[in-house]
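*Asks:* My file is my_file07.cif. It has mmCIF, C-alpha atoms and all ligand atoms:
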```cif
data_query
#
loop_
_atom_site.label_atom_id
_atom_site.label_comp_id
_atom_site.auth_asym_id
_atom_site.auth_seq_id
_atom_site.Cartn_x
_atom_site.Cartn_y
_atom_site.Cartn_z
CA MET A 5 72.01 46.23 135.60
CA PRO A 6 70.30 45.25 138.89
CA VAL A 7 67.76 48.10 138.56
CA ASP A 8 66.53 49.20 135.11
CA LEU A 9 64.82 52.42 133.98
CA GLU A 10 62.73 52.49 130.83
CA ARG A 11 60.91 55.57 129.55
CA ARG A 12 57.32 54.87 128.46
CA GLY A 13 56.11 58.31 127.41
CA PRO A 14 55.65 60.33 130.60
CA VAL A 15 56.04 57.20 132.78
CA GLY A 16 59.35 55.98 134.19
CA LEU A 17 59.22 52.18 134.45
CA VAL A 18 61.71 51.07 137.12
CA THR A 19 62.37 47.33 137.37
CA LEU A 20 64.26 45.50 140.13
CA ASN A 21 66.33 43.10 138.08
CA ARG A 22 68.10 40.52 140.21
CA PRO A 23 65.68 37.63 139.66
CA GLU A 24 68.20 34.92 140.67
CA ALA A 25 67.95 36.21 144.27
CA LEU A 26 64.24 37.14 143.98
CA ASN A 27 65.31 40.81 143.74
CA ALA A 28 66.57 40.77 147.35
CA LEU A 29 67.85 44.22 148.34
CA SER A 30 71.61 44.29 148.75
CA PRO A 31 73.25 47.65 149.49
CA GLU A 32 74.11 47.80 145.75
CA MET A 33 70.43 47.33 144.79
CA LEU A 34 69.41 50.10 147.21
CA ASP A 35 72.01 52.46 145.72
CA GLN A 36 70.95 51.59 142.17
CA LEU A 37 67.29 52.14 142.90
CA ALA A 38 68.09 55.54 144.41
CA ALA A 39 70.15 56.38 141.28
CA ARG A 40 67.26 55.46 138.95
CA LEU A 41 64.91 57.68 140.97
CA ASP A 42 67.42 60.54 140.65
CA GLU A 43 67.36 60.02 136.86
CA VAL A 44 63.56 60.15 136.82
CA GLU A 45 63.49 63.32 138.90
CA ALA A 46 66.06 64.99 136.64
CA ASP A 47 63.99 64.24 133.50
CA PRO A 48 61.27 66.88 133.05
CA GLY A 49 59.45 64.57 130.61
CA LEU A 50 58.66 62.01 133.34
CA ARG A 51 55.70 62.58 135.67
CA VAL A 52 54.80 59.18 137.18
CA VAL A 53 56.83 56.10 138.20
CA VAL A 54 55.85 52.44 137.97
CA LEU A 55 58.02 50.20 140.14
CA THR A 56 58.03 46.43 139.54
CA GLY A 57 60.28 43.35 139.67
CA ALA A 58 61.72 40.98 137.06
CA GLY A 59 60.92 37.28 137.43
CA LYS A 60 58.62 35.63 139.96
CA ALA A 61 59.19 38.12 142.77
CA PHE A 62 58.69 41.82 143.23
CA CYS A 63 61.24 41.67 146.03
CA ALA A 64 61.93 38.99 148.69
CA GLY A 65 63.20 41.62 151.10
CA ALA A 66 66.53 42.76 152.40
CA ASP A 67 69.42 40.52 151.39
CA ILE A 68 69.65 37.96 154.18
CA ARG A 69 73.16 36.95 153.08
CA HIS A 70 74.31 40.50 153.65
CA MET A 71 72.33 40.91 156.90
CA GLY A 72 73.45 37.55 158.31
CA GLN A 73 76.94 38.96 158.75
CA ALA A 74 75.86 42.28 160.25
CA GLY A 75 76.24 43.38 163.87
CA PRO A 76 74.17 46.18 165.44
CA VAL A 77 76.36 48.92 163.93
CA GLU A 78 76.13 47.57 160.36
CA ALA A 79 72.42 46.84 160.90
CA ARG A 80 71.83 50.46 161.87
CA ALA A 81 73.67 51.67 158.74
CA PHE A 82 71.70 49.24 156.57
CA ALA A 83 68.47 50.39 158.22
CA ALA A 84 69.35 54.01 157.51
CA LEU A 85 70.01 53.18 153.84
CA GLY A 86 66.62 51.45 153.58
CA HIS A 87 64.85 54.28 155.39
CA ARG A 88 66.41 56.87 153.12
CA LEU A 89 65.15 54.97 150.09
CA ALA A 90 61.65 54.42 151.49
CA ASP A 91 61.48 58.11 152.46
CA ARG A 92 62.71 59.08 148.99
CA ILE A 93 59.87 57.08 147.39
CA ALA A 94 57.25 58.34 149.84
CA GLY A 95 58.44 61.92 149.38
CA PHE A 96 59.17 61.62 145.64
CA PRO A 97 57.69 64.60 143.78
CA HIS A 98 55.72 62.34 141.44
CA PRO A 99 53.35 59.47 142.29
CA VAL A 100 54.93 56.01 142.43
CA ILE A 101 52.75 53.01 141.56
CA CYS A 102 54.02 49.62 142.69
CA ALA A 103 53.11 46.71 140.40
CA VAL A 104 53.49 43.76 142.79
CA ASN A 105 54.22 40.92 140.37
CA GLY A 106 54.98 38.18 142.94
CA TYR A 107 56.58 37.92 146.39
CA ALA A 108 56.77 41.21 148.28
CA LEU A 109 58.19 40.17 151.63
CA GLY A 110 59.97 42.00 154.43
CA GLY A 111 61.84 44.97 152.97
CA GLY A 112 60.08 44.22 149.66
CA CYS A 113 56.68 44.74 151.26
CA GLU A 114 58.02 47.88 152.96
CA LEU A 115 59.23 49.19 149.61
CA ALA A 116 55.72 48.61 148.22
CA LEU A 117 54.20 50.32 151.27
CA ALA A 118 56.31 53.43 150.65
CA CYS A 119 54.74 53.76 147.18
CA ASP A 120 51.58 55.84 146.63
CA ILE A 121 49.51 53.02 145.15
CA ARG A 122 49.93 49.22 144.99
CA ILE A 123 48.32 46.96 142.44
CA ALA A 124 49.00 43.23 142.45
CA SER A 125 49.06 40.22 140.20
CA THR A 126 47.06 37.19 141.30
CA ALA A 127 50.48 35.58 141.97
CA ALA A 128 51.44 38.17 144.62
CA ARG A 129 52.28 37.11 148.16
CA MET A 130 52.90 39.96 150.56
CA GLY A 131 53.93 40.12 154.19
CA GLN A 132 56.37 40.97 156.94
CA PRO A 133 58.16 37.71 157.90
CA GLU A 134 60.94 39.40 159.90
CA VAL A 135 60.08 37.86 163.27
CA ASN A 136 60.85 34.48 161.69
CA LEU A 137 64.41 35.78 161.37
CA GLY A 138 64.57 37.04 164.93
CA VAL A 139 64.18 40.70 163.95
CA LEU A 140 61.30 43.11 163.20
CA PRO A 141 60.29 45.15 160.15
CA GLY A 142 62.89 47.91 159.98
CA TRP A 143 62.23 49.88 156.81
CA GLY A 144 59.03 51.59 157.91
CA GLY A 145 56.78 48.51 158.04
CA THR A 146 55.87 48.99 161.70
CA GLN A 147 54.54 52.45 160.75
CA ARG A 148 53.20 52.17 157.20
CA LEU A 149 51.46 48.77 157.31
CA ALA A 150 49.10 49.98 160.04
CA ARG A 151 48.38 53.19 158.15
CA VAL A 152 47.72 51.42 154.84
CA THR A 153 45.67 48.50 156.24
CA SER A 154 44.47 48.75 159.84
CA PRO A 155 46.22 48.65 163.21
CA GLY A 156 44.76 45.22 164.05
CA MET A 157 45.67 43.69 160.70
CA ALA A 158 49.21 45.10 160.88
CA ARG A 159 49.67 43.61 164.33
CA GLU A 160 48.42 40.19 163.18
CA LEU A 161 50.60 40.12 160.06
CA ILE A 162 53.75 41.34 161.84
CA TYR A 163 53.38 39.15 164.97
CA THR A 164 52.50 35.95 163.05
CA ALA A 165 54.74 36.60 160.00
CA ARG A 166 51.86 35.23 157.87
CA PRO A 167 51.98 36.30 154.21
CA VAL A 168 48.74 37.21 152.42
CA GLY A 169 47.73 36.34 148.87
CA ALA A 170 46.44 38.87 146.35
CA GLU A 171 42.72 38.55 147.21
CA GLU A 172 43.32 39.02 150.93
CA ALA A 173 45.69 41.92 150.18
CA LEU A 174 42.83 43.53 148.24
CA ARG A 175 40.33 42.89 151.04
CA ILE A 176 42.53 44.48 153.73
CA GLY A 177 43.40 47.50 151.57
CA LEU A 178 47.04 46.55 151.08
CA VAL A 179 46.55 46.75 147.30
CA ASN A 180 44.02 48.75 145.25
CA ALA A 181 43.38 46.15 142.53
CA VAL A 182 44.32 42.64 141.40
CA HIS A 183 45.01 41.58 137.81
CA PRO A 184 46.12 38.37 136.06
CA PRO A 185 49.95 38.30 135.86
CA GLU A 186 50.02 39.00 132.11
CA ALA A 187 47.77 42.08 132.53
CA LEU A 188 49.48 43.62 135.57
CA LEU A 189 52.05 45.83 133.87
CA ASP A 190 49.58 47.19 131.32
CA ALA A 191 47.15 48.00 134.13
CA ALA A 192 49.87 49.80 136.09
CA LEU A 193 51.02 51.73 133.02
CA ALA A 194 47.41 52.64 132.16
CA MET A 195 46.83 54.05 135.67
CA ALA A 196 50.17 55.88 135.49
CA GLY A 197 49.22 57.29 132.08
CA GLU A 198 45.91 58.54 133.43
CA ILE A 199 47.66 60.32 136.31
CA ALA A 200 50.29 61.73 133.93
CA GLU A 201 47.52 63.47 131.95
CA ARG A 202 46.55 65.51 135.02
CA PRO A 203 48.39 68.75 135.89
CA ALA A 204 51.67 67.65 137.46
CA GLY A 205 51.84 70.53 139.92
CA ALA A 206 48.39 69.80 141.38
CA VAL A 207 49.13 66.07 141.65
CA SER A 208 52.48 66.70 143.31
CA ALA A 209 51.00 69.17 145.83
CA ALA A 210 48.16 66.74 146.59
CA LYS A 211 50.73 64.01 147.28
CA GLU A 212 52.58 66.31 149.68
CA MET A 213 49.34 67.10 151.56
CA LEU A 214 48.31 63.43 151.74
CA ASN A 215 51.74 62.62 153.15
CA LEU A 216 51.26 65.30 155.78
CA ALA A 217 47.88 63.88 156.75
CA LEU A 218 49.09 60.27 156.96
CA GLY A 219 52.65 60.76 158.15
CA ALA A 220 52.22 62.64 161.42
CA ASP A 221 55.10 61.82 163.79
CA MET A 222 56.59 59.52 161.18
CA PRO A 223 60.22 60.77 161.45
CA ALA A 224 60.36 60.20 165.22
CA ALA A 225 58.68 56.81 164.89
CA LEU A 226 61.05 55.75 162.14
CA ALA A 227 64.06 56.70 164.26
CA ARG A 228 62.72 54.46 167.07
CA GLU A 229 62.15 51.66 164.55
CA ARG A 230 65.78 51.94 163.34
CA ASP A 231 67.05 51.59 166.90
CA ALA A 232 64.79 48.62 167.67
CA PHE A 233 65.91 46.90 164.47
CA ALA A 234 69.60 47.48 165.24
CA LEU A 235 69.14 46.16 168.77
CA ALA A 236 67.67 42.93 167.41
CA PHE A 237 71.09 42.24 165.88
CA ALA A 238 72.53 41.91 169.38
CA THR A 239 70.34 38.82 170.04
CA GLU A 240 71.04 35.11 169.59
CA ASP A 241 67.62 34.71 167.96
CA GLN A 242 68.62 37.01 165.07
CA LYS A 243 71.77 34.95 164.40
CA GLU A 244 69.76 31.71 164.62
CA GLY A 245 66.90 33.03 162.44
CA MET A 246 69.14 34.16 159.60
CA ALA A 247 71.45 31.12 159.77
CA ALA A 248 68.39 28.83 159.65
CA PHE A 249 67.09 30.57 156.52
CA LEU A 250 70.45 30.27 154.75
CA GLU A 251 70.84 26.61 155.88
CA ARG A 252 67.23 25.87 154.81
CA ARG A 253 66.15 24.49 158.20
CA PRO A 254 63.56 25.53 160.80
CA ALA A 255 64.85 28.06 163.35
CA ARG A 256 65.15 27.15 167.06
CA PHE A 257 64.48 30.35 168.98
CA THR A 258 65.34 30.68 172.69
CA GLY A 259 64.14 34.21 173.40
CA ARG A 260 67.69 35.38 174.04
N1 LIG B 301 67.93 37.52 150.74
C1 LIG B 301 68.88 36.87 150.03
N2 LIG B 301 68.60 35.87 149.18
C2 LIG B 301 67.32 35.51 149.05
C3 LIG B 301 66.26 36.14 149.75
C4 LIG B 301 66.62 37.21 150.62
N3 LIG B 301 65.71 37.90 151.31
N4 LIG B 301 65.10 35.54 149.41
C5 LIG B 301 65.42 34.59 148.52
N5 LIG B 301 66.75 34.56 148.29
C6 LIG B 301 67.49 33.69 147.40
C7 LIG B 301 67.54 32.26 147.94
O1 LIG B 301 68.60 32.15 148.89
C8 LIG B 301 67.80 31.50 146.67
O2 LIG B 301 69.17 31.63 146.31
P1 LIG B 301 70.05 30.33 145.88
O3 LIG B 301 69.97 29.41 147.03
O4 LIG B 301 69.32 29.83 144.63
O5 LIG B 301 71.41 30.91 145.61
C9 LIG B 301 66.99 32.27 145.62
O6 LIG B 301 66.81 33.58 146.15
C10 LIG B 301 65.61 31.66 145.35
O7 LIG B 301 64.95 31.53 146.61
P2 LIG B 301 64.25 30.16 147.08
O8 LIG B 301 64.99 28.98 146.54
O9 LIG B 301 64.07 30.24 148.56
O10 LIG B 301 62.85 30.28 146.31
P3 LIG B 301 61.45 29.62 146.74
O11 LIG B 301 60.55 29.84 145.59
O12 LIG B 301 61.66 28.22 147.27
O13 LIG B 301 60.94 30.49 147.99
C11 LIG B 301 60.49 32.57 149.20
C12 LIG B 301 60.61 31.85 147.81
C13 LIG B 301 60.27 34.07 148.89
C14 LIG B 301 59.27 32.02 149.96
C15 LIG B 301 61.78 32.33 149.99
O14 LIG B 301 62.91 32.65 149.16
C16 LIG B 301 61.87 33.16 151.22
O15 LIG B 301 61.24 32.86 152.24
N6 LIG B 301 62.72 34.21 151.18
C17 LIG B 301 63.00 35.04 152.32
C18 LIG B 301 61.86 35.98 152.55
C19 LIG B 301 62.11 36.78 153.76
O16 LIG B 301 62.19 36.34 154.90
N7 LIG B 301 62.25 38.08 153.53
C20 LIG B 301 62.42 39.03 154.58
C21 LIG B 301 63.86 39.32 154.71
S1 LIG B 301 64.09 40.34 156.12
C22 LIG B 301 66.62 46.81 158.16
C23 LIG B 301 65.30 46.82 158.30
C24 LIG B 301 64.55 45.95 157.61
C25 LIG B 301 65.11 45.07 156.81
C26 LIG B 301 66.46 45.06 156.64
C27 LIG B 301 67.22 45.92 157.32
N8 LIG B 301 67.37 47.64 158.96
C28 LIG B 301 66.64 48.42 159.92
C29 LIG B 301 68.78 47.47 158.99
C30 LIG B 301 64.32 44.13 156.14
C31 LIG B 301 64.36 42.86 156.51
C32 LIG B 301 63.91 41.89 155.56
O17 LIG B 301 63.51 42.16 154.47
#
```
Could you write out this file's structure as structure tokens?

*Replies:*
Amino acid sequence: MPVDLERRGPVGLVTLNRPEALNALSPEMLDQLAARLDEVEADPGLRVVVLTGAGKAFCAGADIRHMGQAGPVEARAFAALGHRLADRIAGFPHPVICAVNGYALGGGCELALACDIRIASTAARMGQPEVNLGVLPGWGGTQRLARVTSPGMARELIYTARPVGAEEALRIGLVNAVHPPEALLDAALAMAGEIAERPAGAVSAAKEMLNLALGADMPAALARERDAFALAFATEDQKEGMAAFLERRPARFTGR
């Protein structure tokens, strides 16, 4: 199964499980992840979610093979699917802790940003490399990265496409803590267990209020982001950027 759900007491452990493609998000992965979240929500015994990835990546982003073939119309539909999932996580009734076990790039970083809390392994590398592909972050990254880190840092990371390692991620507030790879999951489950001991109603209401405080104007901004992302698929640079990745060569951008 490309996305697994394991019950660990009151904690739902959700694992992206497509390690051969570094857990890249195909439409099927997005649907599966949404289905696992539905299962968690329907189970009254589960009160916190830990989201992680199998293998050396948390998630290397949206599936470039799938996106490489998309035009603006498909890109808009794919964006909407990603937005729905990110919104579902951000608005999920229970806290979601992301255990970033390795690469969290592009849509993978945006998935992590939609979670309540991120903790990372020392092997994590996080960033928004979309401009290297001739597009821009399209699953909420233009909005959430600035809110989680700082406006200046978000601009630098998005404009340069530079990924950050775990220590820098900690310094800029992108993650709350860093652990050795073998200790990451236990640390995430321990934090989840601590939260699960608190009254679920109070935690859930607090999450809703924090979202209100931090998400002002988010729906309108996300709609603009979806349009900007879709428009990028009408450019030659998007075709060149994605073809270059798949052909394993440097991209030659022309600004068209
Ligand atoms: N998509 C599809 N396949 C991917 C992938 C991806 N994002 N990332 C890696 N893979 C595949 C590779 O093609 C390779 O497959 P095979 O060739 O073995 O069949 C396998 O995973 C292992 O990858 P590598 O051989 O490249 O592994 P390395 O350790 O050498 O390098 C890497 C790891 C993470 C540095 C490298 O794989 C990499 O740079 N990956 C791409 C990272 C990236 O650019 N991610 C951002 C994708 S763009 C939307 C809005 C937003 C988005 C989408 C839609 N809408 C508004 C519509 C999001 C966009 C993105 O996420």

*Asks:* Could you make a table, as JSON lines, of the residues of chain A that have an atom within 6 Å of an atom of ligand LIG 301 (chain B), each with its nearest atom pair and distance in Å to one decimal, counting only C-alpha atoms and all ligand atoms, in chain and number order?

*Replies:*
```
{"residue": "A:Glu24", "atom": "CA", "partner": "B:LIG301", "partner_atom": "C9", "distance": 5.7}
{"residue": "A:Ala25", "atom": "CA", "partner": "B:LIG301", "partner_atom": "O6", "distance": 3.4}
{"residue": "A:Leu26", "atom": "CA", "partner": "B:LIG301", "partner_atom": "O6", "distance": 4.9}
{"residue": "A:Ala28", "atom": "CA", "partner": "B:LIG301", "partner_atom": "C4", "distance": 4.8}
{"residue": "A:Ala64", "atom": "CA", "partner": "B:LIG301", "partner_atom": "N3", "distance": 4.7}
{"residue": "A:Gly65", "atom": "CA", "partner": "B:LIG301", "partner_atom": "O17", "distance": 3.4}
{"residue": "A:Ala66", "atom": "CA", "partner": "B:LIG301", "partner_atom": "O17", "distance": 3.7}
{"residue": "A:Asp67", "atom": "CA", "partner": "B:LIG301", "partner_atom": "N1", "distance": 3.4}
{"residue": "A:Ile68", "atom": "CA", "partner": "B:LIG301", "partner_atom": "N1", "distance": 3.9}
{"residue": "A:Arg69", "atom": "CA", "partner": "B:LIG301", "partner_atom": "C1", "distance": 5.3}
{"residue": "A:Ala79", "atom": "CA", "partner": "B:LIG301", "partner_atom": "C29", "distance": 4.2}
{"residue": "A:Arg80", "atom": "CA", "partner": "B:LIG301", "partner_atom": "C29", "distance": 5.2}
{"residue": "A:Phe82", "atom": "CA", "partner": "B:LIG301", "partner_atom": "C29", "distance": 4.2}
{"residue": "A:Ala83", "atom": "CA", "partner": "B:LIG301", "partner_atom": "C29", "distance": 3.0}
{"residue": "A:Tyr107", "atom": "CA", "partner": "B:LIG301", "partner_atom": "C13", "distance": 5.9}
{"residue": "A:Leu109", "atom": "CA", "partner": "B:LIG301", "partner_atom": "N7", "distance": 4.9}
{"residue": "A:Gly110", "atom": "CA", "partner": "B:LIG301", "partner_atom": "O17", "distance": 3.5}
{"residue": "A:Gly111", "atom": "CA", "partner": "B:LIG301", "partner_atom": "O17", "distance": 3.6}
{"residue": "A:Pro133", "atom": "CA", "partner": "B:LIG301", "partner_atom": "O16", "distance": 5.2}
{"residue": "A:Glu134", "atom": "CA", "partner": "B:LIG301", "partner_atom": "S1", "distance": 5.0}
{"residue": "A:Pro141", "atom": "CA", "partner": "B:LIG301", "partner_atom": "C24", "distance": 5.0}
{"residue": "A:Gly142", "atom": "CA", "partner": "B:LIG301", "partner_atom": "C23", "distance": 3.1}
{"residue": "A:Trp143", "atom": "CA", "partner": "B:LIG301", "partner_atom": "C23", "distance": 4.6}
{"residue": "A:Arg230", "atom": "CA", "partner": "B:LIG301", "partner_atom": "C28", "distance": 5.0}
{"residue": "A:Phe233", "atom": "CA", "partner": "B:LIG301", "partner_atom": "C28", "distance": 4.9}
```

*Asks:* So which residues touch range 164-172 of chain A within 7 Å, counting all atoms listed in the file, skipping near sequence neighbours fewer than 6 positions away, as a PyMOL selection string?

*Replies:* chain A and resi 124-136+182

*Asks:* Smallest atom-to-atom distance to Ala46 in chain A: which of A:Arg148, A:His98, A:Arg88, A:Arg159, using only C-alpha atoms?

*Replies:*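 Nearest candidate to Ala46 in chain A out of A:Arg148, A:His98, A:Arg88, A:Arg159: A:His98.
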
*Asks:* Go ahead and compute the interatomic distance for CA of Gly16 in chain A and CA of Asp42 in chain A, in Å to one decimal.

*Replies:*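 Interatomic distance here is 11.3 Å.
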
*Asks:* At a cut-off of 10 Å, using all atoms listed in the file, what residues contact Arg151 in chain A? Leave out same-chain residues fewer than 6 positions from it and give the result as a PyMOL selection string.

*Replies:* chain A and resi 117+145+158+178+218-219

*Asks:* Write out the residues from the selection above, keeping C-alpha atoms, as a JSON list (two decimals), keeping the file's coordinate frame.

*Replies:*
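The resulting out14.json:
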```
[["chain", "number", "residue", "atom", "x", "y", "z"],
["A", 117, "LEU", "CA", 54.20, 50.32, 151.27],
["A", 145, "GLY", "CA", 56.78, 48.51, 158.04],
["A", 158, "ALA", "CA", 49.21, 45.10, 160.88],
["A", 178, "LEU", "CA", 47.04, 46.55, 151.08],
["A", 218, "LEU", "CA", 49.09, 60.27, 156.96],
["A", 219, "GLY", "CA", 52.65, 60.76, 158.15]]
```

*Asks:* Can you list, as a VMD selection string, every protein, DNA or RNA residue that comes within 10 Å of Phe249 in chain A when you count only C-alpha atoms, leaving out same-chain residues fewer than 2 positions away?

*Replies:* chain A and resid 68 to 69 72 136 to 137 244 to 247 251 to 255

*Asks:* Can you tell me, as a PyMOL selection string, which residues sit within 12 Å of (46.7, 56.1, 133.6) in the file's frame, using only C-alpha atoms?

*Replies:* chain A and resi 12-15+51-54+99+101+189-202

*Asks:* Dump as a PyMOL selection string all residues having an atom at most 12 Å from (74.7, 46.7, 146.2), computed in the file's coordinates with only C-alpha atoms.

*Replies:* chain A and resi 5-7+22+27-39+66-67+70+82+85-86

*Asks:* Go through A:Ala74, A:Leu149, A:Leu250, A:Ala236 and flag the residue nearest Ile176 in chain A, using only C-alpha atoms for the distances.

*Replies:* A:Leu149

*Asks:* Which is closer to Phe237 in chain A than all the others in A:Cys113, A:Leu55, A:Val139, A:Leu214, using all atoms listed in the file?

*Replies:*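 Answer, going by the shortest atom-to-atom distance: A:Val139.
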
*Asks:* In Å, with one decimal, what is the gap from CA of Gly59 in chain A to CA of Leu115 in chain A?

*Replies:* 17.1 Å

*Asks:* Give me, please, the distance in Å between CA of Gly138 in chain A and CA of Asp120 in chain A, quoted to one decimal.

*Replies:*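 Separation of CA of Gly138 in chain A and CA of Asp120 in chain A: 29.3 Å.
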
*Asks:* Any chance you could turn range 106-175 of chain A into a file with C-alpha atoms, as a CSV table (one decimal), in the first residue's frame?

*Replies:*
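Final file, selection18.csv:
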```
chain,number,residue,atom,x,y,z
A,106,GLY,CA,15.0,12.6,5.1
A,107,TYR,CA,14.3,14.7,2.0
A,108,ALA,CA,11.2,17.0,2.3
A,109,LEU,CA,11.3,18.9,-1.0
A,110,GLY,CA,8.7,20.8,-2.9
A,111,GLY,CA,5.2,19.3,-2.2
A,112,GLY,CA,6.9,17.2,0.5
A,113,CYS,CA,8.0,20.3,2.3
A,114,GLU,CA,4.6,21.8,1.8
A,115,LEU,CA,3.0,18.7,3.3
A,116,ALA,CA,5.3,19.0,6.3
A,117,LEU,CA,4.4,22.7,6.6
A,118,ALA,CA,0.7,21.9,6.7
A,119,CYS,CA,1.3,19.8,9.8
A,120,ASP,CA,1.1,21.3,13.3
A,121,ILE,CA,4.6,20.4,14.4
A,122,ARG,CA,7.7,19.2,12.5
A,123,ILE,CA,10.6,17.3,14.0
A,124,ALA,CA,13.5,16.2,11.9
A,125,SER,CA,16.2,13.5,11.7
A,126,THR,CA,19.8,14.8,11.3
A,127,ALA,CA,19.5,13.4,7.7
A,128,ALA,CA,16.6,15.7,6.8
A,129,ARG,CA,17.0,18.1,3.8
A,130,MET,CA,14.1,20.5,3.4
A,131,GLY,CA,13.3,23.1,0.8
A,132,GLN,CA,11.2,24.4,-2.1
A,133,PRO,CA,13.1,23.7,-5.3
A,134,GLU,CA,10.2,24.4,-7.7
A,135,VAL,CA,11.8,27.4,-9.5
A,136,ASN,CA,14.5,24.9,-10.7
A,137,LEU,CA,11.6,23.2,-12.6
A,138,GLY,CA,10.3,26.5,-14.0
A,139,VAL,CA,7.3,26.6,-11.6
A,140,LEU,CA,6.6,27.9,-8.0
A,141,PRO,CA,5.5,26.2,-4.8
A,142,GLY,CA,1.8,25.5,-5.4
A,143,TRP,CA,0.6,23.5,-2.4
A,144,GLY,CA,0.6,26.4,0.1
A,145,GLY,CA,4.4,26.9,0.3
A,146,THR,CA,4.2,30.5,-0.7
A,147,GLN,CA,1.9,31.1,2.3
A,148,ARG,CA,3.0,28.7,5.0
A,149,LEU,CA,6.8,28.8,4.7
A,150,ALA,CA,6.8,32.6,5.5
A,151,ARG,CA,4.4,32.0,8.5
A,152,VAL,CA,6.4,29.1,9.9
A,153,THR,CA,9.9,30.6,9.4
A,154,SER,CA,10.1,34.3,8.5
A,155,PRO,CA,9.2,36.3,5.4
A,156,GLY,CA,12.8,37.0,4.5
A,157,MET,CA,13.9,33.4,4.9
A,158,ALA,CA,10.9,32.1,2.9
A,159,ARG,CA,11.8,34.5,0.1
A,160,GLU,CA,15.5,33.4,0.1
A,161,LEU,CA,14.6,29.7,0.1
A,162,ILE,CA,11.9,29.9,-2.6
A,163,TYR,CA,13.9,32.3,-4.9
A,164,THR,CA,17.2,30.4,-4.7
A,165,ALA,CA,15.7,26.9,-4.4
A,166,ARG,CA,18.4,26.1,-1.8
A,167,PRO,CA,17.6,23.2,0.5
A,168,VAL,CA,18.4,23.4,4.2
A,169,GLY,CA,19.8,20.7,6.4
A,170,ALA,CA,18.4,19.7,9.8
A,171,GLU,CA,20.4,22.2,11.9
A,172,GLU,CA,19.6,25.2,9.7
A,173,ALA,CA,15.9,24.0,9.7
A,174,LEU,CA,16.0,24.1,13.5
A,175,ARG,CA,17.6,27.5,13.6
```
